[in-house]
file data.cif (mmCIF, C-alpha atoms, pLDDT in the B column; chains and numbers go by the auth columns)
data_entry
loop_
_atom_site.group_PDB
_atom_site.id
_atom_site.type_symbol
_atom_site.label_atom_id
_atom_site.label_comp_id
_atom_site.label_asym_id
_atom_site.label_seq_id
_atom_site.Cartn_x
_atom_site.Cartn_y
_atom_site.Cartn_z
_atom_site.B_iso_or_equiv
_atom_site.auth_seq_id
_atom_site.auth_asym_id
ATOM 1 C CA MET A 1 16.418 18.776 48.619 42.00 15 A
ATOM 2 C CA LYS A 2 18.013 17.052 45.633 52.00 16 A
ATOM 3 C CA HIS A 3 18.532 18.931 42.383 74.00 17 A
ATOM 4 C CA LEU A 4 15.344 18.337 40.364 73.00 18 A
ATOM 5 C CA ASP A 5 17.152 17.053 37.263 75.00 19 A
ATOM 6 C CA THR A 6 18.455 14.091 39.259 80.00 20 A
ATOM 7 C CA LEU A 7 15.062 13.038 40.661 83.00 21 A
ATOM 8 C CA PRO A 8 13.317 10.012 39.150 84.00 22 A
ATOM 9 C CA ASP A 9 10.197 10.552 37.027 81.00 23 A
ATOM 10 C CA ASP A 10 7.744 9.426 39.710 83.00 24 A
ATOM 11 C CA GLU A 11 9.090 11.949 42.257 86.00 25 A
ATOM 12 C CA LEU A 12 8.935 14.755 39.698 86.00 26 A
ATOM 13 C CA LEU A 13 5.364 13.769 38.822 84.00 27 A
ATOM 14 C CA THR A 14 4.422 13.798 42.518 84.00 28 A
ATOM 15 C CA LEU A 15 5.887 17.300 42.894 85.00 29 A
ATOM 16 C CA LEU A 16 4.042 18.409 39.801 84.00 30 A
ATOM 17 C CA GLN A 17 0.699 16.837 40.801 82.00 31 A
ATOM 18 C CA ARG A 18 0.680 17.879 44.457 79.00 32 A
ATOM 19 C CA ASN A 19 2.380 21.256 44.329 77.00 33 A
ATOM 20 C CA GLY A 20 2.012 22.338 40.712 76.00 34 A
ATOM 21 C CA GLU A 21 5.799 22.628 40.757 78.00 35 A
ATOM 22 C CA SER A 22 6.764 24.271 37.446 85.00 36 A
ATOM 23 C CA ARG A 23 10.425 23.379 37.946 88.00 37 A
ATOM 24 C CA ALA A 24 9.457 19.706 38.113 87.00 38 A
ATOM 25 C CA PHE A 25 7.553 20.107 34.847 88.00 39 A
ATOM 26 C CA GLU A 26 10.572 21.859 33.303 91.00 40 A
ATOM 27 C CA ALA A 27 12.838 18.983 34.387 90.00 41 A
ATOM 28 C CA LEU A 28 10.471 16.439 32.805 91.00 42 A
ATOM 29 C CA TYR A 29 10.179 18.549 29.649 92.00 43 A
ATOM 30 C CA ASN A 30 13.964 18.816 29.337 93.00 44 A
ATOM 31 C CA ARG A 31 14.329 15.088 29.940 93.00 45 A
ATOM 32 C CA TYR A 32 11.718 13.873 27.446 93.00 46 A
ATOM 33 C CA PHE A 33 11.196 16.528 24.767 94.00 47 A
ATOM 34 C CA ALA A 34 14.086 15.377 22.534 94.00 48 A
ATOM 35 C CA PRO A 35 13.322 11.626 22.528 93.00 49 A
ATOM 36 C CA VAL A 36 9.580 12.167 21.999 93.00 50 A
ATOM 37 C CA TYR A 37 10.308 14.707 19.265 94.00 51 A
ATOM 38 C CA ARG A 38 12.646 12.266 17.468 92.00 52 A
ATOM 39 C CA TYR A 39 9.945 9.596 17.593 89.00 53 A
ATOM 40 C CA VAL A 40 7.249 11.911 16.207 89.00 54 A
ATOM 41 C CA TYR A 41 9.583 13.347 13.567 88.00 55 A
ATOM 42 C CA LYS A 42 10.484 9.846 12.288 87.00 56 A
ATOM 43 C CA VAL A 43 6.811 9.264 11.574 83.00 57 A
ATOM 44 C CA MET A 44 5.758 12.737 10.374 84.00 58 A
ATOM 45 C CA GLN A 45 8.957 13.745 8.517 83.00 59 A
ATOM 46 C CA ASP A 46 8.115 17.417 9.108 84.00 60 A
ATOM 47 C CA LYS A 47 9.847 19.526 11.776 91.00 61 A
ATOM 48 C CA GLU A 48 7.033 22.000 12.400 92.00 62 A
ATOM 49 C CA THR A 49 4.355 19.320 12.643 91.00 63 A
ATOM 50 C CA ALA A 50 6.527 17.231 14.963 91.00 64 A
ATOM 51 C CA GLU A 51 7.225 20.244 17.204 95.00 65 A
ATOM 52 C CA ASP A 52 3.516 21.139 17.322 94.00 66 A
ATOM 53 C CA LEU A 53 2.470 17.608 18.234 94.00 67 A
ATOM 54 C CA VAL A 54 5.094 17.268 20.970 95.00 68 A
ATOM 55 C CA GLN A 55 4.165 20.694 22.366 95.00 69 A
ATOM 56 C CA ASN A 56 0.522 19.527 22.473 94.00 70 A
ATOM 57 C CA ILE A 57 1.577 16.456 24.456 94.00 71 A
ATOM 58 C CA PHE A 58 3.401 18.529 27.083 93.00 72 A
ATOM 59 C CA ILE A 59 0.641 21.143 27.236 92.00 73 A
ATOM 60 C CA GLY A 60 -1.836 18.321 27.862 91.00 74 A
ATOM 61 C CA LEU A 61 0.409 16.946 30.600 90.00 75 A
ATOM 62 C CA TRP A 62 0.694 20.370 32.269 89.00 76 A
ATOM 63 C CA LYS A 63 -3.033 21.134 32.110 89.00 77 A
ATOM 64 C CA ASN A 64 -4.261 17.698 33.157 86.00 78 A
ATOM 65 C CA VAL A 65 -1.519 16.363 35.440 83.00 79 A
ATOM 66 C CA ASP A 66 -3.809 16.366 38.483 79.00 80 A
ATOM 67 C CA LYS A 67 -6.406 14.219 36.621 84.00 81 A
ATOM 68 C CA LEU A 68 -3.931 11.727 35.155 80.00 82 A
ATOM 69 C CA HIS A 69 -2.889 8.476 36.805 80.00 83 A
ATOM 70 C CA ILE A 70 0.536 7.923 35.292 84.00 84 A
ATOM 71 C CA GLU A 71 2.530 4.914 36.444 83.00 85 A
ATOM 72 C CA ASN A 72 5.270 5.117 33.791 87.00 86 A
ATOM 73 C CA LEU A 73 5.862 8.626 32.410 87.00 87 A
ATOM 74 C CA ARG A 74 7.963 7.446 29.474 89.00 88 A
ATOM 75 C CA ALA A 75 5.251 4.999 28.365 88.00 89 A
ATOM 76 C CA TYR A 76 2.596 7.696 28.858 89.00 90 A
ATOM 77 C CA LEU A 77 4.474 10.261 26.718 92.00 91 A
ATOM 78 C CA PHE A 78 5.174 7.845 23.867 89.00 92 A
ATOM 79 C CA GLY A 79 1.557 6.616 23.998 89.00 93 A
ATOM 80 C CA ALA A 80 0.394 10.241 23.853 91.00 94 A
ATOM 81 C CA ALA A 81 2.738 10.752 20.903 91.00 95 A
ATOM 82 C CA ARG A 82 1.154 7.818 19.039 89.00 96 A
ATOM 83 C CA ASN A 83 -2.286 9.255 19.765 87.00 97 A
ATOM 84 C CA GLN A 84 -1.294 12.753 18.577 90.00 98 A
ATOM 85 C CA ILE A 85 0.162 11.302 15.371 85.00 99 A
ATOM 86 C CA ALA A 86 -2.968 9.242 14.698 81.00 100 A
ATOM 87 C CA LYS A 87 -5.215 12.230 15.412 84.00 101 A
ATOM 88 C CA HIS A 88 -3.176 14.447 13.097 85.00 102 A
ATOM 89 C CA LEU A 89 -3.203 11.866 10.299 78.00 103 A
ATOM 90 C CA ARG A 90 -6.976 11.376 10.604 74.00 104 A
ATOM 91 C CA LYS A 91 -7.521 15.130 10.394 77.00 105 A
ATOM 92 C CA SER A 92 -5.198 15.550 7.451 71.00 106 A
ATOM 93 C CA LYS A 93 -6.363 12.520 5.446 61.00 107 A
ATOM 94 C CA PHE A 94 -8.613 14.640 3.251 53.00 108 A
ATOM 95 C CA ASN A 95 -5.907 17.269 2.969 56.00 109 A
ATOM 96 C CA LEU A 96 -3.469 14.719 1.563 58.00 110 A
ATOM 97 C CA VAL A 97 -5.775 14.215 -1.414 55.00 111 A
ATOM 98 C CA GLN A 98 -5.969 17.971 -1.854 48.00 112 A
ATOM 99 C CA LEU A 99 -2.197 18.329 -1.578 55.00 113 A
ATOM 100 C CA GLU A 100 -1.650 15.601 -4.151 61.00 114 A
ATOM 101 C CA TYR A 101 -3.988 17.422 -6.541 54.00 115 A
ATOM 102 C CA ILE A 102 -2.231 20.741 -5.914 49.00 116 A
ATOM 103 C CA ASP A 103 1.194 19.152 -6.434 56.00 117 A
ATOM 104 C CA THR A 104 0.036 17.608 -9.730 63.00 118 A
ATOM 105 C CA TRP A 105 -1.485 20.886 -10.893 57.00 119 A
ATOM 106 C CA GLU A 106 1.598 22.835 -9.838 51.00 120 A
ATOM 107 C CA ALA A 107 3.912 20.415 -11.661 58.00 121 A
ATOM 108 C CA SER A 108 1.927 20.781 -14.882 60.00 122 A
ATOM 109 C CA ARG A 109 1.892 24.566 -14.489 56.00 123 A
ATOM 110 C CA ILE A 110 5.654 24.625 -13.895 61.00 124 A
ATOM 111 C CA THR A 111 6.160 22.514 -17.022 66.00 125 A
ATOM 112 C CA GLU A 112 3.975 24.879 -19.052 67.00 126 A
ATOM 113 C CA ASP A 113 5.839 27.923 -17.714 65.00 127 A
ATOM 114 C CA TYR A 114 9.162 26.260 -18.470 67.00 128 A
ATOM 115 C CA LEU A 115 8.144 25.530 -22.056 72.00 129 A
ATOM 116 C CA GLN A 116 6.946 29.105 -22.551 72.00 130 A
ATOM 117 C CA GLU A 117 10.192 30.405 -21.084 73.00 131 A
ATOM 118 C CA GLN A 118 12.200 28.179 -23.408 77.00 132 A
ATOM 119 C CA ASP A 119 10.182 29.378 -26.418 76.00 133 A
ATOM 120 C CA THR A 120 10.691 33.005 -25.380 75.00 134 A
ATOM 121 C CA ARG A 121 14.400 32.439 -24.834 79.00 135 A
ATOM 122 C CA THR A 122 14.703 30.812 -28.268 84.00 136 A
ATOM 123 C CA ALA A 123 12.837 33.725 -29.880 81.00 137 A
ATOM 124 C CA ILE A 124 15.120 36.257 -28.146 82.00 138 A
ATOM 125 C CA GLU A 125 18.259 34.372 -29.186 86.00 139 A
ATOM 126 C CA ALA A 126 16.995 34.228 -32.778 87.00 140 A
ATOM 127 C CA ALA A 127 16.215 37.968 -32.713 87.00 141 A
ATOM 128 C CA ILE A 128 19.699 38.746 -31.357 90.00 142 A
ATOM 129 C CA GLY A 129 21.150 36.586 -34.120 91.00 143 A
ATOM 130 C CA ARG A 130 19.362 38.734 -36.735 92.00 144 A
ATOM 131 C CA LEU A 131 20.865 42.011 -35.478 93.00 145 A
ATOM 132 C CA PRO A 132 23.532 43.702 -37.611 94.00 146 A
ATOM 133 C CA LYS A 133 27.029 42.524 -36.579 95.00 147 A
ATOM 134 C CA LYS A 134 28.218 45.690 -34.741 94.00 148 A
ATOM 135 C CA CYS A 135 24.810 46.223 -33.120 94.00 149 A
ATOM 136 C CA LYS A 136 24.771 42.575 -31.955 94.00 150 A
ATOM 137 C CA ASN A 137 28.350 42.792 -30.671 95.00 151 A
ATOM 138 C CA ALA A 138 27.656 45.991 -28.670 94.00 152 A
ATOM 139 C CA PHE A 139 24.443 44.540 -27.218 92.00 153 A
ATOM 140 C CA GLU A 140 26.065 41.220 -26.193 92.00 154 A
ATOM 141 C CA LEU A 141 29.032 42.982 -24.572 93.00 155 A
ATOM 142 C CA SER A 142 26.606 45.177 -22.626 90.00 156 A
ATOM 143 C CA ARG A 143 24.066 42.571 -21.526 87.00 157 A
ATOM 144 C CA PHE A 144 26.088 39.352 -21.376 85.00 158 A
ATOM 145 C CA GLY A 145 29.609 40.708 -20.926 87.00 159 A
ATOM 146 C CA PHE A 146 28.469 43.262 -18.320 88.00 160 A
ATOM 147 C CA LEU A 147 30.727 45.948 -19.763 92.00 161 A
ATOM 148 C CA THR A 148 30.017 49.665 -19.499 93.00 162 A
ATOM 149 C CA ASN A 149 29.329 51.691 -22.638 95.00 163 A
ATOM 150 C CA LYS A 150 32.767 53.269 -22.298 96.00 164 A
ATOM 151 C CA GLU A 151 34.461 49.853 -22.095 95.00 165 A
ATOM 152 C CA ILE A 152 32.499 48.641 -25.121 95.00 166 A
ATOM 153 C CA ALA A 153 33.471 51.779 -27.075 96.00 167 A
ATOM 154 C CA THR A 154 37.137 51.195 -26.275 96.00 168 A
ATOM 155 C CA LYS A 155 36.949 47.498 -27.134 95.00 169 A
ATOM 156 C CA MET A 156 35.104 48.076 -30.440 96.00 170 A
ATOM 157 C CA GLY A 157 36.994 51.241 -31.393 96.00 171 A
ATOM 158 C CA ILE A 158 33.836 53.357 -31.678 96.00 172 A
ATOM 159 C CA SER A 159 32.389 56.294 -29.739 96.00 173 A
ATOM 160 C CA VAL A 160 30.271 55.911 -26.594 95.00 174 A
ATOM 161 C CA PHE A 161 27.441 57.650 -28.502 96.00 175 A
ATOM 162 C CA THR A 162 27.596 54.970 -31.223 96.00 176 A
ATOM 163 C CA VAL A 163 27.554 52.211 -28.579 95.00 177 A
ATOM 164 C CA GLU A 164 24.438 53.791 -27.013 95.00 178 A
ATOM 165 C CA ASN A 165 22.748 53.926 -30.428 95.00 179 A
ATOM 166 C CA HIS A 166 23.570 50.257 -31.141 95.00 180 A
ATOM 167 C CA ILE A 167 22.136 49.180 -27.777 92.00 181 A
ATOM 168 C CA LYS A 168 18.985 51.325 -28.268 93.00 182 A
ATOM 169 C CA LYS A 169 18.506 49.855 -31.739 93.00 183 A
ATOM 170 C CA ALA A 170 18.965 46.300 -30.397 90.00 184 A
ATOM 171 C CA LEU A 171 16.510 46.836 -27.531 88.00 185 A
ATOM 172 C CA TYR A 172 13.901 48.332 -29.874 88.00 186 A
ATOM 173 C CA TYR A 173 14.235 45.388 -32.256 87.00 187 A
ATOM 174 C CA LEU A 174 14.071 42.842 -29.399 84.00 188 A
ATOM 175 C CA ARG A 175 10.973 44.481 -27.911 83.00 189 A
ATOM 176 C CA GLN A 176 9.278 44.211 -31.290 82.00 190 A
ATOM 177 C CA SER A 177 10.259 40.538 -31.590 78.00 191 A
ATOM 178 C CA ILE A 178 9.144 39.684 -28.049 74.00 192 A
ATOM 179 C CA GLU A 179 5.766 41.389 -28.523 72.00 193 A
ATOM 180 C CA ILE A 180 5.157 39.063 -31.460 65.00 194 A
ATOM 181 C CA VAL A 181 6.084 36.020 -29.325 56.00 195 A
ATOM 182 C CA VAL A 182 3.804 37.195 -26.485 56.00 196 A
ATOM 183 C CA LEU A 183 0.913 37.718 -28.910 53.00 197 A
ATOM 184 C CA VAL A 184 1.417 34.181 -30.208 52.00 198 A
ATOM 185 C CA PHE A 185 1.317 32.765 -26.636 48.00 199 A
ATOM 186 C CA ILE A 186 -1.781 34.766 -25.741 46.00 200 A
ATOM 187 C CA SER A 187 -3.625 33.507 -28.792 46.00 201 A
ATOM 188 C CA LEU A 188 -2.808 29.868 -27.904 46.00 202 A
#
call {"tool": "encode", "arguments": {"input": "data.cif", "output": "structure tokens"}}
result
Amino acid sequence: MKHLDTLPDDELLTLLQRNGESRAFEALYNRYFAPVYRYVYKVMQDKETAEDLVQNIFIGLWKNVDKLHIENLRAYLFGAARNQIAKHLRKSKFNLVQLEYIDTWEASRITEDYLQEQDTRTAIEAAIGRLPKKCKNAFELSRFGFLTNKEIATKMGISVFTVENHIKKALYYLRQSIEIVVLVFISL
């Protein structure tokens, strides 16, 4: 017997229909999955949806092969692909309207969040700018320069204890400033 991968489609279909030969199905699947998938993906532009639709086509072929009268397997599979695409689009028509609404809502929410973040960032930068010079310097070296307290102490020529106090003072002041900004946003 010839290797199944070399058999023409009609012989593989006959083996599949008469004997339920799973190896014949596997040979057909391996032969046609990629081209049918590419066709469906070009239309759907979504990998998961394309994979699901193509899997449905082959599951339908496997389950119903004894009831089907297929003269040209390639034509049958691509016709089934068109039908699966149309069915999916009909089912998801209403969902497209919902998705468009969600996308619009999400975009406006993202914009609002961005503006609030920018306002908060501006308020924090202004609060940092109002810190006493040494306190500001110690805080910026810690938070933006990523230096340890010991490194900051060495760089500024002060004790580690003084660095810790500057950072505590800065954090306390910033918390106070941010609470005011948050209260303003909540009241809007």
call {"tool": "resolve_selection", "arguments": {"input": "data.cif", "expression": "the PyMOL selection byres ((chain A and resi 159-169) around 12)", "output": "list in words"}}
result
Lys148, Cys149, Lys150, Asn151, Ala152, Phe153, Glu154, Leu155, Ser156, Arg157, Phe158, Met170, Gly171, Ile172, Ser173, Val174, Phe175, Thr176, Val177, Glu178, Asn179, His180, Ile181 and Lys182 of chain A
call {"tool": "resolve_selection", "arguments": {"input": "data.cif", "expression": "the PyMOL selection byres ((chain A and resi 45) around 12)", "output": "VMD selection string"}}
result
chain A and resid 18 to 23 26 38 to 44 46 to 51 72 87 to 88 91
call {"tool": "atom_distance", "arguments": {"input": "data.cif", "atom1": "atom CA of Glu85 of chain A", "atom2": "atom CA of Gln69 of chain A"}}
result
21.2 Å
call {"tool": "resolve_selection", "arguments": {"input": "data.cif", "expression": "the PyMOL selection byres ((chain A and resi 53) around 12)", "output": "ChimeraX atom specification"}}
result
/A:46-52,54-61,64-65,67-68,91-96,98-99
call {"tool": "closest_residue", "arguments": {"input": "data.cif", "among": "A:Asn97, A:Ser36, A:Gln130, A:Thr63", "to": "Trp76 of chain A", "atoms": "only C-alpha atoms"}}
result
A:Ser36
call {"tool": "build_atoms", "arguments": {"input": "data.cif", "residues": "segment 31-58 of chain A", "atoms": "N, CA and C atoms", "output": "PDB file, in the frame of the given file"}}
result
ATOM      1  N   GLN A  31       2.112  17.066  40.506  1.00 82.00           N
ATOM      2  CA  GLN A  31       0.699  16.837  40.801  1.00 82.00           C
ATOM      3  C   GLN A  31       0.262  17.480  42.118  1.00 82.00           C
ATOM      4  N   ARG A  32       1.082  17.378  43.136  1.00 79.00           N
ATOM      5  CA  ARG A  32       0.680  17.879  44.457  1.00 79.00           C
ATOM      6  C   ARG A  32       0.901  19.368  44.617  1.00 79.00           C
ATOM      7  N   ASN A  33       2.015  19.864  44.078  1.00 77.00           N
ATOM      8  CA  ASN A  33       2.380  21.256  44.329  1.00 77.00           C
ATOM      9  C   ASN A  33       2.304  22.151  43.092  1.00 77.00           C
ATOM     10  N   GLY A  34       2.003  21.547  41.940  1.00 76.00           N
ATOM     11  CA  GLY A  34       2.012  22.338  40.712  1.00 76.00           C
ATOM     12  C   GLY A  34       3.392  22.915  40.451  1.00 76.00           C
ATOM     13  N   GLU A  35       4.412  22.175  40.824  1.00 78.00           N
ATOM     14  CA  GLU A  35       5.799  22.628  40.757  1.00 78.00           C
ATOM     15  C   GLU A  35       6.241  22.774  39.295  1.00 78.00           C
ATOM     16  N   SER A  36       6.393  24.013  38.845  1.00 85.00           N
ATOM     17  CA  SER A  36       6.764  24.271  37.446  1.00 85.00           C
ATOM     18  C   SER A  36       8.191  23.813  37.156  1.00 85.00           C
ATOM     19  N   ARG A  37       9.049  23.851  38.167  1.00 88.00           N
ATOM     20  CA  ARG A  37      10.425  23.379  37.946  1.00 88.00           C
ATOM     21  C   ARG A  37      10.462  21.867  37.710  1.00 88.00           C
ATOM     22  N   ALA A  38       9.543  21.147  38.337  1.00 87.00           N
ATOM     23  CA  ALA A  38       9.457  19.706  38.113  1.00 87.00           C
ATOM     24  C   ALA A  38       8.994  19.447  36.681  1.00 87.00           C
ATOM     25  N   PHE A  39       8.021  20.231  36.232  1.00 88.00           N
ATOM     26  CA  PHE A  39       7.553  20.107  34.847  1.00 88.00           C
ATOM     27  C   PHE A  39       8.702  20.412  33.882  1.00 88.00           C
ATOM     28  N   GLU A  40       9.451  21.468  34.162  1.00 91.00           N
ATOM     29  CA  GLU A  40      10.572  21.859  33.303  1.00 91.00           C
ATOM     30  C   GLU A  40      11.617  20.741  33.235  1.00 91.00           C
ATOM     31  N   ALA A  41      11.873  20.085  34.361  1.00 90.00           N
ATOM     32  CA  ALA A  41      12.838  18.983  34.387  1.00 90.00           C
ATOM     33  C   ALA A  41      12.342  17.814  33.524  1.00 90.00           C
ATOM     34  N   LEU A  42      11.045  17.509  33.627  1.00 91.00           N
ATOM     35  CA  LEU A  42      10.471  16.439  32.805  1.00 91.00           C
ATOM     36  C   LEU A  42      10.494  16.809  31.319  1.00 91.00           C
ATOM     37  N   TYR A  43      10.178  18.050  31.034  1.00 92.00           N
ATOM     38  CA  TYR A  43      10.179  18.549  29.649  1.00 92.00           C
ATOM     39  C   TYR A  43      11.584  18.415  29.066  1.00 92.00           C
ATOM     40  N   ASN A  44      12.577  18.882  29.816  1.00 93.00           N
ATOM     41  CA  ASN A  44      13.964  18.816  29.337  1.00 93.00           C
ATOM     42  C   ASN A  44      14.425  17.359  29.163  1.00 93.00           C
ATOM     43  N   ARG A  45      13.926  16.487  29.989  1.00 93.00           N
ATOM     44  CA  ARG A  45      14.329  15.088  29.940  1.00 93.00           C
ATOM     45  C   ARG A  45      13.705  14.356  28.746  1.00 93.00           C
ATOM     46  N   TYR A  46      12.451  14.675  28.429  1.00 93.00           N
ATOM     47  CA  TYR A  46      11.718  13.873  27.446  1.00 93.00           C
ATOM     48  C   TYR A  46      11.396  14.557  26.121  1.00 93.00           C
ATOM     49  N   PHE A  47      11.567  15.860  26.022  1.00 94.00           N
ATOM     50  CA  PHE A  47      11.196  16.528  24.767  1.00 94.00           C
ATOM     51  C   PHE A  47      11.948  15.937  23.573  1.00 94.00           C
ATOM     52  N   ALA A  48      13.265  15.843  23.667  1.00 94.00           N
ATOM     53  CA  ALA A  48      14.086  15.377  22.534  1.00 94.00           C
ATOM     54  C   ALA A  48      13.729  13.953  22.092  1.00 94.00           C
ATOM     55  N   PRO A  49      13.641  12.978  23.007  1.00 93.00           N
ATOM     56  CA  PRO A  49      13.322  11.626  22.528  1.00 93.00           C
ATOM     57  C   PRO A  49      11.908  11.509  21.946  1.00 93.00           C
ATOM     58  N   VAL A  50      10.944  12.212  22.532  1.00 93.00           N
ATOM     59  CA  VAL A  50       9.580  12.167  21.999  1.00 93.00           C
ATOM     60  C   VAL A  50       9.546  12.869  20.643  1.00 93.00           C
ATOM     61  N   TYR A  51      10.247  13.981  20.539  1.00 94.00           N
ATOM     62  CA  TYR A  51      10.308  14.707  19.265  1.00 94.00           C
ATOM     63  C   TYR A  51      10.908  13.819  18.167  1.00 94.00           C
ATOM     64  N   ARG A  52      12.006  13.148  18.473  1.00 92.00           N
ATOM     65  CA  ARG A  52      12.646  12.266  17.468  1.00 92.00           C
ATOM     66  C   ARG A  52      11.673  11.188  17.003  1.00 92.00           C
ATOM     67  N   TYR A  53      10.926  10.634  17.930  1.00 89.00           N
ATOM     68  CA  TYR A  53       9.945   9.596  17.593  1.00 89.00           C
ATOM     69  C   TYR A  53       8.868  10.162  16.657  1.00 89.00           C
ATOM     70  N   VAL A  54       8.317  11.309  17.016  1.00 89.00           N
ATOM     71  CA  VAL A  54       7.249  11.911  16.207  1.00 89.00           C
ATOM     72  C   VAL A  54       7.796  12.336  14.842  1.00 89.00           C
ATOM     73  N   TYR A  55       8.995  12.892  14.829  1.00 88.00           N
ATOM     74  CA  TYR A  55       9.583  13.347  13.567  1.00 88.00           C
ATOM     75  C   TYR A  55       9.826  12.178  12.614  1.00 88.00           C
ATOM     76  N   LYS A  56      10.260  11.021  13.134  1.00 87.00           N
ATOM     77  CA  LYS A  56      10.484   9.846  12.288  1.00 87.00           C
ATOM     78  C   LYS A  56       9.211   9.465  11.544  1.00 87.00           C
ATOM     79  N   VAL A  57       8.081   9.615  12.200  1.00 83.00           N
ATOM     80  CA  VAL A  57       6.811   9.264  11.574  1.00 83.00           C
ATOM     81  C   VAL A  57       6.327  10.377  10.646  1.00 83.00           C
ATOM     82  N   MET A  58       6.356  11.626  11.117  1.00 84.00           N
ATOM     83  CA  MET A  58       5.758  12.737  10.374  1.00 84.00           C
ATOM     84  C   MET A  58       6.673  13.300   9.286  1.00 84.00           C
TER      85      MET A  58
END
